[in-house]
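Asker: My structure is stored as target-v7.txt, with compact mmCIF, C-alpha atoms.
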# COMPACT_ATOMS: atom_id res chain seq x y z
CA MET A 1 56.45 1.16 44.00
CA THR A 2 54.35 0.36 47.05
CA VAL A 3 51.06 -1.50 46.77
CA ALA A 4 49.20 1.67 47.80
CA ALA A 5 50.98 3.74 45.13
CA ALA A 6 50.24 1.10 42.49
CA GLY A 7 46.58 1.14 43.50
CA ARG A 8 46.41 4.93 43.23
CA ALA A 9 48.07 4.84 39.81
CA ALA A 10 45.64 2.18 38.58
CA ARG A 11 42.64 4.16 39.83
CA LYS A 12 43.96 7.31 38.15
CA GLU A 13 44.25 5.47 34.82
CA LEU A 14 40.69 4.19 35.13
CA ALA A 15 39.21 7.52 36.24
CA VAL A 16 36.63 8.94 33.88
CA THR A 17 35.25 12.42 33.73
CA PRO A 18 31.71 13.05 34.92
CA ILE A 19 28.85 13.33 32.45
CA ARG A 20 28.26 17.07 31.98
CA VAL A 21 24.65 18.26 32.08
CA LEU A 22 23.17 21.74 31.70
CA PHE A 23 19.51 22.42 32.57
CA VAL A 24 18.04 25.52 30.90
CA CYS A 25 14.83 27.45 31.54
CA THR A 26 13.79 31.05 31.16
CA HIS A 27 14.82 32.62 34.48
CA ASN A 28 16.88 29.89 36.18
CA SER A 29 14.73 30.42 39.24
CA ALA A 30 12.70 27.24 39.76
CA ARG A 31 12.55 24.29 37.34
CA SER A 32 16.19 24.29 36.22
CA GLN A 33 17.40 24.98 39.76
CA ILE A 34 15.36 22.05 41.12
CA ALA A 35 16.67 19.80 38.35
CA GLU A 36 20.28 20.82 39.01
CA ALA A 37 19.98 20.21 42.75
CA LEU A 38 18.29 16.84 42.35
CA LEU A 39 20.70 15.52 39.71
CA ARG A 40 23.63 16.58 41.87
CA ARG A 41 22.13 14.51 44.67
CA TYR A 42 20.98 11.46 42.67
CA GLY A 43 23.84 11.41 40.18
CA GLY A 44 26.65 12.03 42.61
CA ALA A 45 30.17 12.08 41.20
CA ASP A 46 29.00 10.52 37.93
CA PHE A 47 27.56 13.89 36.84
CA GLU A 48 28.77 17.49 36.70
CA VAL A 49 25.58 19.54 36.74
CA HIS A 50 24.82 23.19 36.02
CA SER A 51 21.71 25.24 35.30
CA ALA A 52 21.11 28.56 33.61
CA GLY A 53 18.38 30.76 32.24
CA THR A 54 17.96 32.65 29.02
CA GLU A 55 17.82 35.55 31.47
CA ALA A 56 18.73 35.43 35.15
CA THR A 57 16.60 36.60 38.06
CA ARG A 58 16.82 35.03 41.51
CA VAL A 59 16.25 31.55 42.86
CA ASN A 60 12.61 31.27 43.87
CA PRO A 61 12.21 30.92 47.66
CA TYR A 62 9.65 28.13 47.13
CA ALA A 63 12.23 26.15 45.14
CA ILE A 64 14.70 26.56 47.99
CA ARG A 65 12.05 25.47 50.48
CA VAL A 66 11.01 22.37 48.51
CA LEU A 67 14.64 21.33 48.12
CA ALA A 68 15.18 21.84 51.86
CA GLU A 69 12.28 19.43 52.45
CA GLN A 70 14.37 16.88 50.51
CA GLY A 71 17.42 17.59 52.67
CA ILE A 72 19.16 19.76 50.07
CA ASP A 73 20.49 23.14 51.21
CA TRP A 74 20.09 25.34 48.15
CA SER A 75 20.01 28.63 50.05
CA GLN A 76 23.31 29.84 48.57
CA ALA A 77 22.43 29.07 44.95
CA ARG A 78 22.32 31.90 42.46
CA SER A 79 20.49 32.38 39.20
CA LYS A 80 22.86 32.18 36.23
CA VAL A 81 22.48 33.35 32.65
CA ILE A 82 23.19 30.95 29.80
CA THR A 83 25.96 33.12 28.35
CA GLU A 84 28.15 32.02 31.29
CA PHE A 85 28.27 28.56 29.70
CA LEU A 86 28.46 29.21 25.95
CA ASP A 87 32.16 28.36 25.75
CA GLN A 88 31.67 24.98 27.44
CA GLU A 89 30.77 21.55 26.13
CA PHE A 90 28.05 19.43 27.68
CA ASP A 91 27.06 15.83 27.15
CA TYR A 92 23.42 16.81 27.69
CA VAL A 93 21.62 20.14 27.43
CA ILE A 94 18.10 19.77 28.80
CA THR A 95 15.54 22.54 28.39
CA VAL A 96 12.77 22.40 30.97
CA CYS A 97 10.41 25.00 29.53
CA ASP A 98 9.07 25.67 26.06
CA ARG A 99 10.35 29.25 25.89
CA ALA A 100 13.91 28.16 26.67
CA ARG A 101 13.64 25.42 24.06
CA GLU A 102 12.83 28.02 21.42
CA THR A 103 15.64 30.40 22.38
CA CYS A 104 18.35 28.03 23.64
CA PRO A 105 21.60 28.59 21.75
CA VAL A 106 23.51 25.74 20.18
CA PHE A 107 26.33 24.42 22.32
CA PRO A 108 29.15 23.26 20.03
CA GLY A 109 30.34 19.84 21.08
CA SER A 110 27.21 19.08 23.07
CA THR A 111 26.00 15.74 21.89
CA ASN A 112 22.46 15.44 23.23
CA THR A 113 19.72 18.04 23.50
CA LEU A 114 16.58 17.01 25.36
CA HIS A 115 13.37 18.84 26.20
CA TRP A 116 11.30 18.26 29.32
CA GLY A 117 8.29 20.58 29.09
CA LEU A 118 7.58 21.26 32.76
CA ASP A 119 4.82 23.56 33.97
CA ASP A 120 6.12 26.70 35.66
CA PRO A 121 5.26 26.42 39.36
CA SER A 122 5.96 30.12 39.88
CA GLU A 123 2.92 30.97 37.74
CA VAL A 124 0.54 29.29 40.19
CA GLU A 125 -1.51 31.76 42.17
CA GLY A 126 -3.32 31.12 45.40
CA THR A 127 -2.49 30.53 49.01
CA GLU A 128 1.03 29.84 50.18
CA GLU A 129 0.14 26.16 50.54
CA GLU A 130 -1.23 26.01 46.97
CA ARG A 131 1.91 27.65 45.60
CA LEU A 132 4.13 25.34 47.64
CA ALA A 133 2.15 22.35 46.35
CA ALA A 134 2.95 23.43 42.77
CA PHE A 135 6.67 23.42 43.56
CA ARG A 136 6.34 20.02 45.22
CA ARG A 137 4.70 18.69 42.05
CA THR A 138 7.61 20.05 40.00
CA GLU A 139 10.13 18.43 42.33
CA LEU A 140 8.30 15.10 42.03
CA GLU A 141 8.10 15.32 38.23
CA VAL A 142 11.80 16.16 37.94
CA SER A 143 12.70 13.30 40.31
CA THR A 144 10.59 10.92 38.26
CA ARG A 145 12.35 11.95 35.03
CA LEU A 146 15.84 11.95 36.51
CA ARG A 147 15.95 8.37 37.71
CA PRO A 148 15.69 6.77 34.24
CA PHE A 149 17.78 9.58 32.72
CA ILE A 150 20.68 8.72 35.03
CA GLU A 151 20.60 5.06 34.04
CA VAL A 152 20.34 5.82 30.31
CA ALA A 153 23.13 8.44 30.44
CA LEU A 154 25.46 6.07 32.29
CA ARG A 155 24.66 3.22 29.90
CA ALA A 156 25.21 5.50 26.88
CA ALA A 157 28.58 6.50 28.32
CA GLY A 158 29.41 2.81 28.66
CA ARG A 159 30.12 2.84 32.33
CA PRO A 160 28.72 1.53 35.57
CA ARG A 161 27.28 3.69 38.29
CA GLY A 162 29.95 5.24 40.51
CA SER A 163 32.71 5.13 37.90
CA ALA A 164 33.48 8.85 37.78
CA ALA A 165 36.49 10.12 39.65
CA VAL A 166 35.81 12.23 42.71
CA THR A 167 38.12 15.23 42.61
When written as structure tokens, how does the structure in this file appear?
Answerer:
Amino acid sequence: MTVAAAGRAARKELAVTPIRVLFVCTHNSARSQIAEALLRRYGGADFEVHSAGTEATRVNPYAIRVLAEQGIDWSQARSKVITEFLDQEFDYVITVCDRARETCPVFPGSTNTLHWGLDDPSEVEGTEEERLAAFRRTELEVSTRLRPFIEVALRAAGRPRGSAAVT
């Protein structure tokens, strides 16, 4: 066996699966979409991230715009309904609105359910700039919550940052 082949075999043995996270809100149009996009960026290969709504609509254009301001192209994202994920296991299911918390189904095998009660930026009325400011506040709040979440989730999984296999 060559040195390169031995190295690949050793890395394959040490490879761990990403921490699976599902963000849930009512329409999967703003808060959960922003959370999914940001955790994908901040968590990298250590996390497999999805989002869904108790009912699906469309991704809010302001959410897409705020994510673009952060260098994230979310223009092709689609709103998903939670039933698409009921047969899957997640390490964390995080509800980001009170209504979703009340109606979120149980995910068998999911070990941690968290609730982040975020205000709905799509309910803000006013000028375009005022509405955009509400989405920026949501992005900032999600970012602020994600940074410690990432560290805690990695520590709970007993692994250092960057340990998940990139497939």
Asker: One decimal, in Å: what's the spacing between atom CA of Leu132 of chain A and atom CA of Thr144 of chain A?
Answerer: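 Separating atom CA of Leu132 of chain A from atom CA of Thr144 of chain A is a distance of 18.4 Å.
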Asker: Which is closer to Thr113 of chain A than all the others in A:Thr54, A:Leu154, A:Val16, A:Leu22, using only C-alpha atoms?
Answerer: A:Leu22
Asker: Using all atoms listed in the file, determine which residues lie at most 12 Å from Ser122 of chain A, disregarding the query and same-chain residues fewer than 5 positions distant; provide the list as a short mmCIF file (atom, residue, chain, number, x, y, z; two decimals) with C-alpha atoms, keeping the file's coordinate frame.
Answerer:
data_model
loop_
_atom_site.label_atom_id
_atom_site.label_comp_id
_atom_site.auth_asym_id
_atom_site.auth_seq_id
_atom_site.Cartn_x
_atom_site.Cartn_y
_atom_site.Cartn_z
CA THR A 26 13.79 31.05 31.16
CA HIS A 27 14.82 32.62 34.48
CA ASN A 28 16.88 29.89 36.18
CA SER A 29 14.73 30.42 39.24
CA ALA A 30 12.70 27.24 39.76
CA ARG A 31 12.55 24.29 37.34
CA VAL A 59 16.25 31.55 42.86
CA ASN A 60 12.61 31.27 43.87
CA PRO A 61 12.21 30.92 47.66
CA TYR A 62 9.65 28.13 47.13
CA ALA A 63 12.23 26.15 45.14
CA GLU A 128 1.03 29.84 50.18
CA GLU A 130 -1.23 26.01 46.97
CA ARG A 131 1.91 27.65 45.60
CA LEU A 132 4.13 25.34 47.64
CA ALA A 133 2.15 22.35 46.35
CA ALA A 134 2.95 23.43 42.77
CA PHE A 135 6.67 23.42 43.56
CA ARG A 136 6.34 20.02 45.22
CA ARG A 137 4.70 18.69 42.05
CA THR A 138 7.61 20.05 40.00
#
Asker: Select, from A:Leu114, A:Cys25, A:Ile34, A:Ala153, the residue with the minimum atom-to-atom distance to Gly53 of chain A, counting only C-alpha atoms.
Answerer: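 Looking at the shortest contact to Gly53 of chain A, the residue is A:Cys25.
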Asker: Could you tell me how far atom CA of Asn112 of chain A lies from atom CA of Val21 of chain A, in Å and to one decimal?
Answerer: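 Distance reported for this atom pair: 9.5 Å.
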Asker: Enter the distance from atom CA of Ala56 of chain A to atom CA of Val24 of chain A, in Å, rounded to one decimal.
Answerer: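 Rounded to one decimal, the two atoms are 10.8 Å apart.
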Asker: Which residues are near Tyr42 of chain A? Cut-off 12 Å, all atoms listed in the file, ignore same chain within fewer than 6 positions. Put them as a list in words.
Answerer: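 With the cut-off at 12 Å, the set is Ala35, Glu36, Glu48, Val49, Gln70, Ile72, Val142, Ser143, Thr144, Arg145, Leu146, Arg147, Pro148, Phe149, Ile150, Glu151, Arg161 and Gly162 of chain A.
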Asker: For a quick check of your reading of the model, name the residues lying within 7 Å of the coordinate (21.8, 30.5, 30.8), counting all atoms listed in the file, and write them as number ranges by chain.
Answerer: A: 24, 51-55, 80-85
Asker: Just checking: using all atoms listed in the file, which residue out of A:Glu139, A:Cys97, A:Glu89, A:Glu125 ends up closest to Ala37 of chain A?
Answerer: A:Glu139
Asker: Emit a file covering segment 57-98 of chain A of the preceding structure with N, CA and C atoms, as a PDB file, in the first residue's frame.
Answerer:
ATOM      1  N   THR A  57     -44.491  28.208   1.668  1.00  0.00           N
ATOM      2  CA  THR A  57     -44.952  29.299   0.798  1.00  0.00           C
ATOM      3  C   THR A  57     -43.859  29.559  -0.235  1.00  0.00           C
ATOM      4  N   ARG A  58     -43.141  30.645  -0.067  1.00  0.00           N
ATOM      5  CA  ARG A  58     -41.998  30.961  -0.924  1.00  0.00           C
ATOM      6  C   ARG A  58     -40.962  31.659  -0.058  1.00  0.00           C
ATOM      7  N   VAL A  59     -39.734  31.635  -0.491  1.00  0.00           N
ATOM      8  CA  VAL A  59     -38.686  32.316   0.259  1.00  0.00           C
ATOM      9  C   VAL A  59     -38.888  33.815   0.067  1.00  0.00           C
ATOM     10  N   ASN A  60     -38.921  34.528   1.181  1.00  0.00           N
ATOM     11  CA  ASN A  60     -39.161  35.964   1.148  1.00  0.00           C
ATOM     12  C   ASN A  60     -38.012  36.681   0.433  1.00  0.00           C
ATOM     13  N   PRO A  61     -38.322  37.563  -0.512  1.00  0.00           N
ATOM     14  CA  PRO A  61     -37.272  38.281  -1.238  1.00  0.00           C
ATOM     15  C   PRO A  61     -36.349  39.096  -0.324  1.00  0.00           C
ATOM     16  N   TYR A  62     -36.877  39.595   0.794  1.00  0.00           N
ATOM     17  CA  TYR A  62     -36.024  40.335   1.728  1.00  0.00           C
ATOM     18  C   TYR A  62     -35.008  39.407   2.395  1.00  0.00           C
ATOM     19  N   ALA A  63     -35.404  38.165   2.663  1.00  0.00           N
ATOM     20  CA  ALA A  63     -34.452  37.194   3.227  1.00  0.00           C
ATOM     21  C   ALA A  63     -33.334  36.930   2.223  1.00  0.00           C
ATOM     22  N   ILE A  64     -33.702  36.754   0.974  1.00  0.00           N
ATOM     23  CA  ILE A  64     -32.703  36.529  -0.077  1.00  0.00           C
ATOM     24  C   ILE A  64     -31.761  37.727  -0.174  1.00  0.00           C
ATOM     25  N   ARG A  65     -32.325  38.909  -0.091  1.00  0.00           N
ATOM     26  CA  ARG A  65     -31.521  40.136  -0.196  1.00  0.00           C
ATOM     27  C   ARG A  65     -30.556  40.289   0.974  1.00  0.00           C
ATOM     28  N   VAL A  66     -31.032  40.045   2.190  1.00  0.00           N
ATOM     29  CA  VAL A  66     -30.173  40.166   3.372  1.00  0.00           C
ATOM     30  C   VAL A  66     -29.056  39.126   3.327  1.00  0.00           C
ATOM     31  N   LEU A  67     -29.367  37.930   2.891  1.00  0.00           N
ATOM     32  CA  LEU A  67     -28.326  36.905   2.764  1.00  0.00           C
ATOM     33  C   LEU A  67     -27.316  37.291   1.687  1.00  0.00           C
ATOM     34  N   ALA A  68     -27.782  37.888   0.596  1.00  0.00           N
ATOM     35  CA  ALA A  68     -26.868  38.348  -0.456  1.00  0.00           C
ATOM     36  C   ALA A  68     -25.911  39.404   0.094  1.00  0.00           C
ATOM     37  N   GLU A  69     -26.398  40.246   0.997  1.00  0.00           N
ATOM     38  CA  GLU A  69     -25.531  41.245   1.632  1.00  0.00           C
ATOM     39  C   GLU A  69     -24.407  40.584   2.420  1.00  0.00           C
ATOM     40  N   GLN A  70     -24.637  39.341   2.855  1.00  0.00           N
ATOM     41  CA  GLN A  70     -23.625  38.584   3.601  1.00  0.00           C
ATOM     42  C   GLN A  70     -22.796  37.695   2.673  1.00  0.00           C
ATOM     43  N   GLY A  71     -23.009  37.847   1.375  1.00  0.00           N
ATOM     44  CA  GLY A  71     -22.249  37.058   0.406  1.00  0.00           C
ATOM     45  C   GLY A  71     -22.795  35.664   0.172  1.00  0.00           C
ATOM     46  N   ILE A  72     -24.051  35.437   0.544  1.00  0.00           N
ATOM     47  CA  ILE A  72     -24.676  34.122   0.384  1.00  0.00           C
ATOM     48  C   ILE A  72     -25.726  34.212  -0.717  1.00  0.00           C
ATOM     49  N   ASP A  73     -25.551  33.441  -1.777  1.00  0.00           N
ATOM     50  CA  ASP A  73     -26.534  33.405  -2.857  1.00  0.00           C
ATOM     51  C   ASP A  73     -27.623  32.402  -2.480  1.00  0.00           C
ATOM     52  N   TRP A  74     -28.767  32.894  -2.121  1.00  0.00           N
ATOM     53  CA  TRP A  74     -29.884  32.062  -1.688  1.00  0.00           C
ATOM     54  C   TRP A  74     -31.035  32.163  -2.685  1.00  0.00           C
ATOM     55  N   SER A  75     -30.736  32.670  -3.879  1.00  0.00           N
ATOM     56  CA  SER A  75     -31.772  32.947  -4.872  1.00  0.00           C
ATOM     57  C   SER A  75     -32.453  31.687  -5.403  1.00  0.00           C
ATOM     58  N   GLN A  76     -31.809  30.544  -5.301  1.00  0.00           N
ATOM     59  CA  GLN A  76     -32.395  29.303  -5.806  1.00  0.00           C
ATOM     60  C   GLN A  76     -33.064  28.469  -4.707  1.00  0.00           C
ATOM     61  N   ALA A  77     -33.080  28.974  -3.495  1.00  0.00           N
ATOM     62  CA  ALA A  77     -33.682  28.226  -2.383  1.00  0.00           C
ATOM     63  C   ALA A  77     -35.190  28.121  -2.584  1.00  0.00           C
ATOM     64  N   ARG A  78     -35.749  27.064  -2.036  1.00  0.00           N
ATOM     65  CA  ARG A  78     -37.201  26.895  -2.107  1.00  0.00           C
ATOM     66  C   ARG A  78     -37.743  26.648  -0.710  1.00  0.00           C
ATOM     67  N   SER A  79     -38.980  27.009  -0.521  1.00  0.00           N
ATOM     68  CA  SER A  79     -39.670  26.764   0.734  1.00  0.00           C
ATOM     69  C   SER A  79     -40.082  25.293   0.777  1.00  0.00           C
ATOM     70  N   LYS A  80     -39.803  24.642   1.902  1.00  0.00           N
ATOM     71  CA  LYS A  80     -40.096  23.211   2.044  1.00  0.00           C
ATOM     72  C   LYS A  80     -41.064  22.994   3.204  1.00  0.00           C
ATOM     73  N   VAL A  81     -41.879  21.975   3.085  1.00  0.00           N
ATOM     74  CA  VAL A  81     -42.817  21.639   4.149  1.00  0.00           C
ATOM     75  C   VAL A  81     -42.204  20.539   5.016  1.00  0.00           C
ATOM     76  N   ILE A  82     -42.533  20.557   6.276  1.00  0.00           N
ATOM     77  CA  ILE A  82     -41.899  19.674   7.258  1.00  0.00           C
ATOM     78  C   ILE A  82     -42.119  18.193   6.960  1.00  0.00           C
ATOM     79  N   THR A  83     -43.204  17.865   6.282  1.00  0.00           N
ATOM     80  CA  THR A  83     -43.463  16.452   5.984  1.00  0.00           C
ATOM     81  C   THR A  83     -42.378  15.837   5.096  1.00  0.00           C
ATOM     82  N   GLU A  84     -41.617  16.659   4.393  1.00  0.00           N
ATOM     83  CA  GLU A  84     -40.509  16.148   3.578  1.00  0.00           C
ATOM     84  C   GLU A  84     -39.413  15.519   4.437  1.00  0.00           C
ATOM     85  N   PHE A  85     -39.410  15.827   5.732  1.00  0.00           N
ATOM     86  CA  PHE A  85     -38.318  15.400   6.599  1.00  0.00           C
ATOM     87  C   PHE A  85     -38.744  14.441   7.713  1.00  0.00           C
ATOM     88  N   LEU A  86     -40.020  14.071   7.760  1.00  0.00           N
ATOM     89  CA  LEU A  86     -40.513  13.273   8.884  1.00  0.00           C
ATOM     90  C   LEU A  86     -39.856  11.905   9.015  1.00  0.00           C
ATOM     91  N   ASP A  87     -39.329  11.369   7.936  1.00  0.00           N
ATOM     92  CA  ASP A  87     -38.699  10.048   8.002  1.00  0.00           C
ATOM     93  C   ASP A  87     -37.195  10.133   8.275  1.00  0.00           C
ATOM     94  N   GLN A  88     -36.715  11.313   8.619  1.00  0.00           N
ATOM     95  CA  GLN A  88     -35.284  11.501   8.848  1.00  0.00           C
ATOM     96  C   GLN A  88     -34.993  11.768  10.322  1.00  0.00           C
ATOM     97  N   GLU A  89     -33.768  11.476  10.712  1.00  0.00           N
ATOM     98  CA  GLU A  89     -33.323  11.760  12.073  1.00  0.00           C
ATOM     99  C   GLU A  89     -32.420  12.981  12.052  1.00  0.00           C
ATOM    100  N   PHE A  90     -32.551  13.800  13.083  1.00  0.00           N
ATOM    101  CA  PHE A  90     -31.727  14.996  13.224  1.00  0.00           C
ATOM    102  C   PHE A  90     -31.117  15.016  14.615  1.00  0.00           C
ATOM    103  N   ASP A  91     -29.928  15.562  14.700  1.00  0.00           N
ATOM    104  CA  ASP A  91     -29.303  15.746  16.004  1.00  0.00           C
ATOM    105  C   ASP A  91     -29.956  16.905  16.744  1.00  0.00           C
ATOM    106  N   TYR A  92     -30.375  17.914  15.984  1.00  0.00           N
ATOM    107  CA  TYR A  92     -31.045  19.088  16.553  1.00  0.00           C
ATOM    108  C   TYR A  92     -32.210  19.485  15.663  1.00  0.00           C
ATOM    109  N   VAL A  93     -33.366  19.710  16.281  1.00  0.00           N
ATOM    110  CA  VAL A  93     -34.504  20.329  15.615  1.00  0.00           C
ATOM    111  C   VAL A  93     -34.728  21.637  16.362  1.00  0.00           C
ATOM    112  N   ILE A  94     -34.618  22.745  15.630  1.00  0.00           N
ATOM    113  CA  ILE A  94     -34.704  24.069  16.253  1.00  0.00           C
ATOM    114  C   ILE A  94     -35.894  24.814  15.663  1.00  0.00           C
ATOM    115  N   THR A  95     -36.888  25.089  16.500  1.00  0.00           N
ATOM    116  CA  THR A  95     -38.014  25.906  16.055  1.00  0.00           C
ATOM    117  C   THR A  95     -37.630  27.369  16.265  1.00  0.00           C
ATOM    118  N   VAL A  96     -38.000  28.206  15.302  1.00  0.00           N
ATOM    119  CA  VAL A  96     -37.621  29.615  15.384  1.00  0.00           C
ATOM    120  C   VAL A  96     -38.834  30.537  15.470  1.00  0.00           C
ATOM    121  N   CYS A  97     -40.011  29.955  15.671  1.00  0.00           N
ATOM    122  CA  CYS A  97     -41.192  30.770  15.940  1.00  0.00           C
ATOM    123  C   CYS A  97     -42.114  29.987  16.871  1.00  0.00           C
ATOM    124  N   ASP A  98     -42.905  30.724  17.629  1.00  0.00           N
ATOM    125  CA  ASP A  98     -43.758  30.092  18.633  1.00  0.00           C
ATOM    126  C   ASP A  98     -44.801  29.169  18.012  1.00  0.00           C
TER     127      ASP A  98
END
